[in-house]
Each structure stands twice: as structure tokens, then as C-alpha cells.
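Colleague: Structure file protein.pdb (PDB, C-alpha atoms) is given on the next line.
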```pdb
MODEL        1
ATOM      1  CA  MET A  24      -2.358  28.121  21.905
ATOM      2  CA  GLU A  25      -0.580  30.664  19.681
ATOM      3  CA  GLU A  26       2.826  29.157  20.548
ATOM      4  CA  ILE A  27       1.710  25.699  19.382
ATOM      5  CA  GLY A  28       0.341  27.222  16.194
ATOM      6  CA  VAL A  29       3.672  28.933  15.562
ATOM      7  CA  VAL A  30       5.587  25.632  15.958
ATOM      8  CA  PHE A  31       3.271  23.933  13.451
ATOM      9  CA  LEU A  32       3.536  26.858  11.063
ATOM     10  CA  ILE A  33       7.355  26.797  11.261
ATOM     11  CA  THR A  34       7.359  23.018  10.647
ATOM     12  CA  GLY A  35       5.196  23.500   7.575
ATOM     13  CA  ILE A  36       7.257  26.373   6.191
ATOM     14  CA  ILE A  37      10.533  24.451   6.733
ATOM     15  CA  LEU A  38       9.136  21.386   5.005
ATOM     16  CA  ILE A  39       7.893  23.288   1.994
ATOM     17  CA  ALA A  40      10.976  25.522   1.729
ATOM     18  CA  ALA A  41      13.266  22.515   2.055
ATOM     19  CA  ALA A  42      11.349  20.549  -0.520
ATOM     20  CA  LEU A  43      11.736  23.318  -3.045
ATOM     21  CA  ARG A  44      15.528  23.372  -2.592
ATOM     22  CA  ARG A  45      16.647  19.742  -2.628
ATOM     23  CA  PRO A  46      14.926  16.359  -2.716
ATOM     24  CA  GLU A  47      16.818  14.703   0.187
ATOM     25  CA  PRO A  48      17.865  16.340   3.452
ATOM     26  CA  PHE A  49      20.891  14.269   4.489
ATOM     27  CA  GLY A  50      21.998  12.465   1.343
ATOM     28  CA  PHE A  51      23.429   8.973   1.572
ATOM     29  CA  PRO A  52      24.048   6.875   3.693
ATOM     30  CA  SER A  53      21.210   7.466   6.147
ATOM     31  CA  ILE A  54      22.391   9.134   9.335
ATOM     32  CA  PHE A  55      19.775   7.246  11.375
ATOM     33  CA  PHE A  56      20.860   3.727  10.478
ATOM     34  CA  VAL A  57      24.549   3.950   9.700
ATOM     35  CA  GLY A  58      25.409   3.223  13.364
ATOM     36  CA  VAL A  59      23.392  -0.008  13.471
ATOM     37  CA  LEU A  60      24.842  -1.135  10.155
ATOM     38  CA  GLU A  61      28.367  -0.427  11.423
ATOM     39  CA  MET A  62      27.635  -2.534  14.519
ATOM     40  CA  ILE A  63      26.386  -5.360  12.276
ATOM     41  CA  ASP A  64      29.522  -5.076  10.120
ATOM     42  CA  LEU A  65      31.929  -4.972  13.060
ATOM     43  CA  VAL A  66      30.398  -7.633  15.280
ATOM     44  CA  SER A  67      27.593  -9.744  13.792
ATOM     45  CA  PRO A  68      24.029  -9.326  12.466
ATOM     46  CA  LEU A  69      22.609 -11.197  15.454
ATOM     47  CA  PHE A  70      24.477  -8.912  17.863
ATOM     48  CA  GLY A  71      23.080  -5.857  16.036
ATOM     49  CA  ALA A  72      19.529  -7.209  16.307
ATOM     50  CA  LEU A  73      20.010  -8.156  19.977
ATOM     51  CA  VAL A  74      21.270  -4.656  20.812
ATOM     52  CA  VAL A  75      18.247  -3.082  19.071
ATOM     53  CA  PHE A  76      15.839  -5.417  20.944
ATOM     54  CA  ALA A  77      17.652  -4.797  24.246
ATOM     55  CA  VAL A  78      17.381  -1.013  23.835
ATOM     56  CA  VAL A  79      13.652  -1.268  23.036
ATOM     57  CA  ILE A  80      13.046  -3.552  26.051
ATOM     58  CA  LEU A  81      15.072  -1.213  28.284
ATOM     59  CA  LEU A  82      13.034   1.793  27.137
ATOM     60  CA  LEU A  83       9.749  -0.101  27.616
ATOM     61  CA  ALA A  84      10.794  -1.110  31.131
ATOM     62  CA  MET A  85      12.084   2.344  32.115
ATOM     63  CA  PRO A  86       8.990   3.413  34.151
ATOM     64  CA  PHE A  87       9.267   0.194  36.190
ATOM     65  CA  LEU A  88      13.005   0.590  36.794
ATOM     66  CA  ASP A  89      12.912   4.309  37.610
ATOM     67  CA  LYS A  90      10.137   4.200  40.210
ATOM     68  CA  SER A  91      11.153   7.104  42.444
ATOM     69  CA  GLU A  92       8.923  10.156  42.546
ATOM     70  CA  GLU A  93      11.830  12.425  41.614
ATOM     71  CA  LYS A  94      11.554  13.942  38.152
ATOM     72  CA  HIS A  95      14.592  16.173  37.921
ATOM     73  CA  PRO A  96      17.421  14.506  35.940
ATOM     74  CA  ARG A  97      19.971  15.540  38.607
ATOM     75  CA  LYS A  98      18.087  13.398  41.103
ATOM     76  CA  ARG A  99      17.899  10.424  38.689
ATOM     77  CA  LEU A 100      21.555  10.314  37.778
ATOM     78  CA  ILE A 101      21.779   6.545  37.087
ATOM     79  CA  PHE A 102      18.950   6.585  34.551
ATOM     80  CA  PHE A 103      20.164   9.798  33.028
ATOM     81  CA  ALA A 104      23.625   8.222  32.670
ATOM     82  CA  ILE A 105      22.101   5.143  30.977
ATOM     83  CA  ILE A 106      20.421   7.302  28.319
ATOM     84  CA  LEU A 107      23.573   9.390  27.828
ATOM     85  CA  ALA A 108      25.622   6.185  27.449
ATOM     86  CA  LEU A 109      23.144   4.829  24.863
ATOM     87  CA  MET A 110      23.309   8.085  22.908
ATOM     88  CA  ALA A 111      27.139   8.123  23.053
ATOM     89  CA  PHE A 112      27.227   4.465  21.904
ATOM     90  CA  TRP A 113      24.960   5.272  18.962
ATOM     91  CA  ALA A 114      26.882   8.450  18.072
ATOM     92  CA  ALA A 115      30.229   6.578  18.196
ATOM     93  CA  PHE A 116      29.055   3.837  15.830
ATOM     94  CA  THR A 117      27.510   6.460  13.521
ATOM     95  CA  VAL A 118      30.801   8.388  13.343
ATOM     96  CA  MET A 119      32.684   5.112  12.742
ATOM     97  CA  GLY A 120      30.234   4.282   9.965
ATOM     98  CA  PHE A 121      30.994   7.534   8.171
ATOM     99  CA  LEU A 122      34.801   7.172   8.489
TER
ATOM    100  CA  MET B 427     -14.732  49.201   0.684
ATOM    101  CA  ASP B 428     -17.481  51.672   1.669
ATOM    102  CA  LYS B 429     -20.154  51.052   4.302
ATOM    103  CA  GLU B 430     -22.876  50.359   1.752
ATOM    104  CA  SER B 431     -20.988  47.647  -0.130
ATOM    105  CA  THR B 432     -19.845  46.046   3.171
ATOM    106  CA  GLY B 433     -23.484  45.871   4.228
ATOM    107  CA  ALA B 434     -24.467  44.329   0.885
ATOM    108  CA  LEU B 435     -21.712  41.729   1.178
ATOM    109  CA  SER B 436     -22.730  40.786   4.731
ATOM    110  CA  LYS B 437     -26.332  40.450   3.548
ATOM    111  CA  ALA B 438     -25.245  38.203   0.682
ATOM    112  CA  LEU B 439     -23.099  36.030   2.949
ATOM    113  CA  LEU B 440     -25.749  35.698   5.658
ATOM    114  CA  PRO B 441     -27.554  32.679   4.113
ATOM    115  CA  LEU B 442     -24.176  30.958   3.684
ATOM    116  CA  GLY B 443     -23.327  31.551   7.352
ATOM    117  CA  LYS B 444     -26.729  30.226   8.422
ATOM    118  CA  MET B 445     -26.268  27.152   6.243
ATOM    119  CA  PHE B 446     -22.830  26.514   7.784
ATOM    120  CA  THR B 447     -24.171  26.837  11.357
ATOM    121  CA  LYS B 448     -27.082  24.504  10.558
ATOM    122  CA  SER B 449     -24.778  21.889   8.967
ATOM    123  CA  ARG B 450     -22.326  22.091  11.881
ATOM    124  CA  ASP B 451     -25.115  21.649  14.460
ATOM    125  CA  TRP B 452     -26.544  18.751  12.419
ATOM    126  CA  ILE B 453     -23.172  16.942  12.388
ATOM    127  CA  ILE B 454     -22.500  17.619  16.096
ATOM    128  CA  ALA B 455     -25.950  16.372  17.140
ATOM    129  CA  ARG B 456     -25.611  13.107  15.197
ATOM    130  CA  SER B 457     -21.972  12.239  15.775
ATOM    131  CA  GLY B 458     -21.813  12.531  19.561
ATOM    132  CA  LEU B 459     -19.230  15.315  19.201
ATOM    133  CA  GLU B 460     -21.360  17.429  21.538
ATOM    134  CA  ARG B 461     -20.177  15.477  24.586
ATOM    135  CA  PHE B 462     -16.565  15.653  23.433
ATOM    136  CA  MET B 463     -16.826  19.429  22.914
ATOM    137  CA  GLU B 464     -18.374  19.877  26.355
ATOM    138  CA  GLU B 465     -15.552  17.851  27.899
ATOM    139  CA  THR B 466     -12.805  19.794  26.143
ATOM    140  CA  GLU B 467     -14.378  23.212  26.666
ATOM    141  CA  GLY B 468     -12.337  25.319  29.043
ATOM    142  CA  LYS B 469      -9.376  22.887  29.096
ATOM    143  CA  THR B 470      -6.176  24.857  28.647
ATOM    144  CA  VAL B 471      -2.551  23.867  28.049
ATOM    145  CA  PRO B 472      -0.517  24.363  31.257
ATOM    146  CA  LYS B 473       1.952  27.274  31.186
ATOM    147  CA  HIS B 474       5.069  25.092  31.458
ATOM    148  CA  ALA B 475       3.936  23.090  28.416
ATOM    149  CA  LEU B 476       3.985  26.173  26.181
ATOM    150  CA  ASN B 477       7.731  25.610  25.896
ATOM    151  CA  PRO B 478       8.641  24.446  22.328
ATOM    152  CA  ALA B 479      10.193  21.267  23.825
ATOM    153  CA  TYR B 480       6.664  20.220  24.822
ATOM    154  CA  CYS B 481       5.415  20.739  21.255
ATOM    155  CA  LEU B 482       7.669  18.064  19.731
ATOM    156  CA  GLY B 483       4.938  15.420  19.914
ATOM    157  CA  GLY B 484       2.710  17.807  17.960
ATOM    158  CA  VAL B 485       5.457  18.442  15.398
ATOM    159  CA  THR B 486       5.779  14.648  14.996
ATOM    160  CA  LEU B 487       2.027  14.411  14.395
ATOM    161  CA  VAL B 488       2.080  17.244  11.828
ATOM    162  CA  ALA B 489       4.989  15.533  10.018
ATOM    163  CA  PHE B 490       3.042  12.244  10.075
ATOM    164  CA  LEU B 491      -0.032  13.935   8.576
ATOM    165  CA  ILE B 492       2.120  15.490   5.825
ATOM    166  CA  LEU B 493       3.618  12.027   5.192
ATOM    167  CA  ALA B 494       0.166  10.452   5.024
ATOM    168  CA  LEU B 495      -1.072  13.047   2.498
ATOM    169  CA  THR B 496       2.002  12.980   0.249
ATOM    170  CA  GLY B 497       2.290   9.194   0.654
ATOM    171  CA  PHE B 498      -1.303   8.719  -0.465
ATOM    172  CA  PHE B 499      -0.555  10.850  -3.532
ATOM    173  CA  LEU B 500       2.691   8.987  -4.331
ATOM    174  CA  ALA B 501       1.133   5.537  -3.829
ATOM    175  CA  ASN B 502      -1.233   6.263  -6.726
ATOM    176  CA  TYR B 503       1.694   6.424  -9.151
ATOM    177  CA  TYR B 504       4.249   4.083  -7.566
ATOM    178  CA  GLU B 505       4.734   0.591  -9.025
ATOM    179  CA  PRO B 506       5.978  -1.956  -6.450
ATOM    180  CA  SER B 507       7.935  -4.236  -8.784
ATOM    181  CA  GLU B 508      11.654  -4.710  -9.398
ATOM    182  CA  GLY B 509      11.453  -3.326 -12.907
ATOM    183  CA  GLY B 510       8.734  -0.751 -12.340
ATOM    184  CA  ALA B 511       9.792   0.899  -9.077
ATOM    185  CA  GLN B 512      12.638   2.987 -10.457
ATOM    186  CA  ARG B 513      10.663   3.837 -13.614
ATOM    187  CA  SER B 514       7.630   5.014 -11.632
ATOM    188  CA  ILE B 515       9.848   7.125  -9.340
ATOM    189  CA  GLN B 516      11.386   8.674 -12.455
ATOM    190  CA  ILE B 517       7.914   9.502 -13.817
ATOM    191  CA  ILE B 518       6.829  10.948 -10.441
ATOM    192  CA  SER B 519       9.987  13.104 -10.265
ATOM    193  CA  THR B 520      10.045  14.418 -13.812
ATOM    194  CA  GLU B 521       6.686  14.090 -15.570
ATOM    195  CA  LEU B 522       3.945  14.149 -12.937
ATOM    196  CA  PRO B 523       2.695  17.656 -12.053
ATOM    197  CA  PHE B 524       3.855  18.433  -8.475
ATOM    198  CA  GLY B 525       5.332  14.912  -8.304
ATOM    199  CA  PHE B 526       8.830  16.168  -7.478
ATOM    200  CA  TYR B 527       7.470  18.346  -4.642
ATOM    201  CA  ALA B 528       5.331  15.537  -3.245
ATOM    202  CA  LYS B 529       8.316  13.167  -3.258
ATOM    203  CA  SER B 530      10.735  15.620  -1.670
ATOM    204  CA  ILE B 531       8.229  16.854   0.918
ATOM    205  CA  HIS B 532       7.602  13.166   1.755
ATOM    206  CA  SER B 533      11.331  12.602   2.217
ATOM    207  CA  TRP B 534      11.900  15.761   4.280
ATOM    208  CA  ALA B 535       8.828  15.154   6.435
ATOM    209  CA  ALA B 536      10.119  11.641   7.185
ATOM    210  CA  ASN B 537      13.398  13.102   8.450
ATOM    211  CA  VAL B 538      11.578  15.792  10.449
ATOM    212  CA  MET B 539       9.369  13.080  11.966
ATOM    213  CA  VAL B 540      12.344  10.933  13.055
ATOM    214  CA  ILE B 541      14.239  13.890  14.548
ATOM    215  CA  ALA B 542      11.106  15.267  16.264
ATOM    216  CA  VAL B 543      10.114  11.876  17.704
ATOM    217  CA  LEU B 544      13.660  11.257  19.018
ATOM    218  CA  LEU B 545      13.743  14.699  20.663
ATOM    219  CA  HIS B 546      10.215  14.101  22.017
ATOM    220  CA  VAL B 547      11.305  10.808  23.618
ATOM    221  CA  LEU B 548      14.369  12.558  25.040
ATOM    222  CA  ARG B 549      12.238  15.383  26.483
ATOM    223  CA  VAL B 550       9.812  12.914  28.064
ATOM    224  CA  PHE B 551      12.746  10.989  29.531
ATOM    225  CA  ILE B 552      14.582  14.060  30.872
ATOM    226  CA  THR B 553      11.452  15.486  32.501
ATOM    227  CA  GLY B 554      10.555  12.067  33.963
ATOM    228  CA  SER B 555       7.135  12.294  32.345
ATOM    229  CA  TYR B 556       6.846   8.502  32.008
ATOM    230  CA  LYS B 557       6.315   8.020  35.730
ATOM    231  CA  ASN B 558       3.095   6.902  37.402
ATOM    232  CA  PRO B 559       0.351   7.179  36.009
ATOM    233  CA  ARG B 560       1.809   7.638  32.501
ATOM    234  CA  GLU B 561       3.631   4.307  32.094
ATOM    235  CA  LEU B 562       1.295   3.079  29.347
ATOM    236  CA  THR B 563       1.565   6.383  27.462
ATOM    237  CA  TRP B 564       5.366   5.959  27.480
ATOM    238  CA  MET B 565       5.247   2.293  26.431
ATOM    239  CA  GLY B 566       2.890   3.115  23.548
ATOM    240  CA  GLY B 567       5.264   5.936  22.597
ATOM    241  CA  VAL B 568       8.265   3.574  22.513
ATOM    242  CA  ILE B 569       6.314   1.237  20.218
ATOM    243  CA  LEU B 570       5.443   4.245  18.022
ATOM    244  CA  LEU B 571       9.162   5.075  17.890
ATOM    245  CA  VAL B 572       9.909   1.529  16.665
ATOM    246  CA  PHE B 573       7.138   1.855  14.052
ATOM    247  CA  THR B 574       8.623   5.177  12.897
ATOM    248  CA  PHE B 575      12.036   3.588  12.308
ATOM    249  CA  LEU B 576      10.426   0.638  10.512
ATOM    250  CA  PHE B 577       8.504   3.142   8.382
ATOM    251  CA  VAL B 578      11.736   4.868   7.354
ATOM    252  CA  LEU B 579      13.605   1.605   6.677
ATOM    253  CA  THR B 580      10.802   0.106   4.580
ATOM    254  CA  GLY B 581      10.469   3.462   2.788
ATOM    255  CA  TYR B 582      14.144   3.363   1.812
ATOM    256  CA  VAL B 583      13.595   0.080  -0.033
ATOM    257  CA  LEU B 584      10.852   1.419  -2.315
ATOM    258  CA  PRO B 585      12.776   3.660  -4.788
ATOM    259  CA  MET B 586      15.140   0.762  -5.716
ATOM    260  CA  ASP B 587      18.249   2.978  -5.686
ATOM    261  CA  GLU B 588      21.526   2.781  -3.708
ATOM    262  CA  ARG B 589      19.594   3.641  -0.532
ATOM    263  CA  SER B 590      17.408   0.569  -1.099
ATOM    264  CA  GLU B 591      20.457  -1.665  -1.302
ATOM    265  CA  PHE B 592      21.631  -0.172   1.997
ATOM    266  CA  ALA B 593      18.209  -0.748   3.622
ATOM    267  CA  ILE B 594      17.912  -4.331   2.348
ATOM    268  CA  THR B 595      21.426  -5.137   3.631
ATOM    269  CA  SER B 596      20.675  -3.586   7.060
ATOM    270  CA  MET B 597      17.252  -5.209   7.459
ATOM    271  CA  SER B 598      18.231  -8.663   6.212
ATOM    272  CA  GLY B 599      21.440  -8.539   8.257
ATOM    273  CA  ALA B 600      19.744  -7.612  11.516
ATOM    274  CA  PHE B 601      16.290  -9.158  11.199
ATOM    275  CA  GLY B 602      16.538 -11.747   8.414
ATOM    276  CA  TRP B 603      16.621 -14.564  10.977
ATOM    277  CA  LEU B 604      13.029 -13.660  11.998
ATOM    278  CA  ARG B 605      11.886 -15.170   8.685
ATOM    279  CA  GLY B 606      12.878 -18.585  10.003
ATOM    280  CA  ILE B 607      10.194 -18.517  12.713
ATOM    281  CA  PRO B 608       7.670 -21.280  11.839
ATOM    282  CA  HIS B 609       4.218 -20.222  10.562
ATOM    283  CA  VAL B 610       4.732 -16.441  10.971
ATOM    284  CA  GLY B 611       8.070 -16.059   9.163
ATOM    285  CA  GLY B 612       6.304 -14.692   6.047
ATOM    286  CA  VAL B 613       5.298 -11.568   7.969
ATOM    287  CA  PHE B 614       8.998 -10.628   8.029
ATOM    288  CA  ASN B 615       9.525 -10.792   4.252
ATOM    289  CA  TRP B 616      10.602  -7.137   4.370
ATOM    290  CA  ALA B 617      13.786  -8.440   6.025
ATOM    291  CA  SER B 618      14.561 -10.783   3.110
ATOM    292  CA  ASP B 619      17.897 -10.555   1.314
ATOM    293  CA  THR B 620      16.167 -11.246  -2.028
ATOM    294  CA  VAL B 621      15.402  -7.902  -3.690
ATOM    295  CA  GLY B 622      11.941  -8.859  -5.026
ATOM    296  CA  GLU B 623      10.733 -10.287  -1.717
ATOM    297  CA  ALA B 624      12.141  -7.376   0.283
ATOM    298  CA  LEU B 625      10.446  -4.885  -2.071
ATOM    299  CA  THR B 626       7.015  -6.572  -1.886
ATOM    300  CA  GLY B 627       7.300  -7.075   1.877
ATOM    301  CA  SER B 628       8.455  -3.496   2.460
ATOM    302  CA  TYR B 629       5.711  -2.050   0.250
ATOM    303  CA  TRP B 630       3.063  -4.089   2.089
ATOM    304  CA  MET B 631       4.452  -2.944   5.451
ATOM    305  CA  HIS B 632       4.915   0.701   4.370
ATOM    306  CA  VAL B 633       1.477   1.335   2.875
ATOM    307  CA  THR B 634      -0.766  -1.050   4.825
ATOM    308  CA  VAL B 635       0.479  -2.638   8.043
ATOM    309  CA  LEU B 636       2.489   0.246   9.525
ATOM    310  CA  PRO B 637      -0.040   3.046   8.752
ATOM    311  CA  ILE B 638      -2.858   1.035  10.395
ATOM    312  CA  ALA B 639      -0.659   0.100  13.369
ATOM    313  CA  ILE B 640       0.644   3.643  13.850
ATOM    314  CA  ILE B 641      -2.863   5.166  13.661
ATOM    315  CA  LEU B 642      -4.207   2.675  16.239
ATOM    316  CA  PHE B 643      -1.308   3.320  18.619
ATOM    317  CA  LEU B 644      -1.592   7.089  18.082
ATOM    318  CA  LEU B 645      -5.277   6.981  19.032
ATOM    319  CA  VAL B 646      -4.440   5.089  22.235
ATOM    320  CA  HIS B 647      -1.543   7.517  22.885
ATOM    321  CA  PHE B 648      -3.845  10.543  22.505
ATOM    322  CA  TYR B 649      -6.569   8.963  24.627
ATOM    323  CA  LEU B 650      -4.044   8.375  27.428
ATOM    324  CA  ILE B 651      -2.671  11.932  27.128
ATOM    325  CA  ARG B 652      -6.257  13.204  27.317
ATOM    326  CA  LYS B 653      -6.954  10.994  30.345
ATOM    327  CA  HIS B 654      -3.839  11.813  32.378
ATOM    328  CA  GLY B 655      -3.110  15.291  31.011
ATOM    329  CA  ILE B 656       0.323  16.767  30.333
ATOM    330  CA  SER B 657       2.859  15.935  33.066
ATOM    331  CA  GLY B 658       3.716  18.632  35.569
ATOM    332  CA  PRO B 659       6.809  20.859  35.542
ATOM    333  CA  LEU B 660      10.198  19.666  36.905
TER
ENDMDL
END
```
What do you get writing this file as C-alpha cells?

Modeller:
Amino acid sequence: MEEIGVVFLITGIILIAAALRRPEPFGFPSIFFVGVLEMIDLVSPLFGALVVFAVVILLLAMPFLDKSEEKHPRKRLIFFAIILALMAFWAAFTVMGFL
Amino acid sequence: MDKESTGALSKALLPLGKMFTKSRDWIIARSGLERFMEETEGKTVPKHALNPAYCLGGVTLVAFLILALTGFFLANYYEPSEGGAQRSIQIISTELPFGFYAKSIHSWAANVMVIAVLLHVLRVFITGSYKNPRELTWMGGVILLVFTFLFVLTGYVLPMDERSEFAITSMSGAFGWLRGIPHVGGVFNWASDTVGEALTGSYWMHVTVLPIAIILFLLVHFYLIRKHGISGPL
């Protein structure tokens, strides 16, 4: 229980300390959306929306695709690779967006 | 403090303590909390879940609560109109007591929430915690992730600064076509490329629709976590 309390306490202290120093953490443009916007710019708005929907559907369907009883990522390499590929895809577009 | 004054203080506080116990028992007896407390009594967090990676869902919740509190405060002074938005943000930042802190804590908590929820999803995925019987918990969590991103995007629109322009361009570019759906297109006004419409739609989503939706999904999420417990170790 103490460990959970410590995590919450740290979160609170970081938030308050950060707020006292500067109003925005990452400045502009937003690190979370720059990748999607880059994809929209490079390909098309509809493609950007379709990719977002496809990722959400893929995540929703994950328990029904990965039905084995294995939990360790080394024993679920395909699914682990899918998530790594998604993250790499997102990171690449984000970097391109900042260039 | 000597023994005598400690004794006097305890004596003075005794009626207060009794009043607190009576009030607590009164509330528990009438609210049905008694059954809940009996059910939760003795339930402990498994050892493997004491790892900070398992606390990310909790960090997300704490960030959400901070956002709700600061958001409630900010909403009292914010003016959701093209001309008034920037002016009200200026007043909040410079004239309102604690306004600057509320605004920046709101902004930082939003970033903490997004990072924590992404890491939480990643942890759940890596540890395979979405497997039988926790499929619904995972699906609800994915929907909560979508709501979180929508929260951030609609929040970007509200200050009517360069960030808002960025958010309106992203949202109208990716989701503007949803407005063409017959009968329900108006629900997606937040994805309009017209500044006024996007501002009104985003404000409506940010302070009404999304908070209600996120609270409902969170309650279901917590109920399912309670029902199935925390997933086992790898």
C-alpha cells in the first residue's frame, strides 16, 4: 500500500513543482499529435483517419487475436512485433513532423 | 507538551472523536457502504503488482482527478466564444488569484495523464493482462484511451492560440468528413474547419460529453478490475 501512496505522492509533487516552473511541459507543436498530422499532410486526411480507426480496432480486437494462454512477450512474438511496429511507425512520423 | 496538557487536549477532543464515529456509522448504515467495506476488508494487492509499472493506471486516475478539479475551477472563468476565449485565458493567467497555477497544473496533468495511460496500455499489453477473462476490461481501457486523446485535442482548441489552430487543422483534416453523416453529423462539430463551430463543439465535448463518458467507462473499468482482480505475474 505504501508503494502506491509513494507513486501518487510523487505524481502530485511533480505536477505542482512543474506548474510553478513553466505553464506548458512540451511547448508547441504537440508531441502526441504531430505524427498524425504529418501523416495527414503527406498522404491524405482520409488515410490519417483510417489509420487511427484501424489502430483502435486492432487494439480492441487484440484479446481475440492473441488467444494463447502464454503471457510472456517472448512467447507472443508476432503480437509483440505488431505493437513495436506501430510504435516505430508513430515515432517515425513524429520525428518527420518535427523536421 | 507535558502529560497534564496532553490529557486535557485528549479530553477536549473526545466529543469531537465521538461525533465523527457517530456520523461515519450513520453514513455507512444508510448508504450500503457496509457491504462494500466487508467485501474489501482483507483484500490485499498482490506482491508482483507493487511494481511501479502496475501503478500507472492509478497515476492516470490521479492525473484525471487533478484535471477534473482544476478544470472545474477554470470552467468558471472561461468564455467559450471566438472573441472571449483568449481574453478570459488572459484574465485567468494574470489577474485571477491562483489562476496561473490552475491553468498550468491543468496542462501538466493532461500531459502526465496521456503519458501514464500510454505506458499503462503498454504494460497491460506486454504482460498479456488482456487475456481471458479480462477482455472487456481491456476493451473499455482502449475506449478510455481514445477519450483521453479526444480530451487533449478538444482542450487544445479552447485557448484560441496557435495550438488551437493546430488542433482545428488536425481534427477537421482527419475527422471533418464525419460531419457529413446524415442526422448525427452535428455531434462532430468539434471536427469543423470553421473556428466558431469547432470552438463551441470542442467546449461542449470537453466539459460535458467527454467527462460524463470517461466517468461512466472508468466506473465499468474499476468494477471489472474489482471482479477479476489484478492479472497474475508473467

Colleague: What gap, in Å, lies between CA of Val543 (chain B) and CA of Leu571 (chain B)?

Modeller: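 A separation of 6.9 Å between them.
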
Colleague: List the residues matched by the ChimeraX specification (/A :<6) & /B in the displayed structure as a count of residues only, ordered by chain and then by residue number.

Modeller: 13

Colleague: How many Å lie between CA of Ile492 (chain B) and CA of Ile36 (chain A), rounded to one decimal?

Modeller: 12.0 Å

Colleague: Report the distance between CA of Val621 (chain B) and CA of Phe577 (chain B) in Å, rounded to one decimal place.

Modeller: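 Interatomic distance here is 17.8 Å.
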
Colleague: Each side padded by 6 Å, which centre and which edge lengths in Å (one decimal) define the axis-aligned box around the listed atoms of region 632-647 of chain B? Give them as lines of an AutoDock Vina configuration file.

Modeller:
```
center_x = -0.2
center_y = 2.4
center_z = 12.9
size_x = 22.2
size_y = 22.2
size_z = 32.0
```
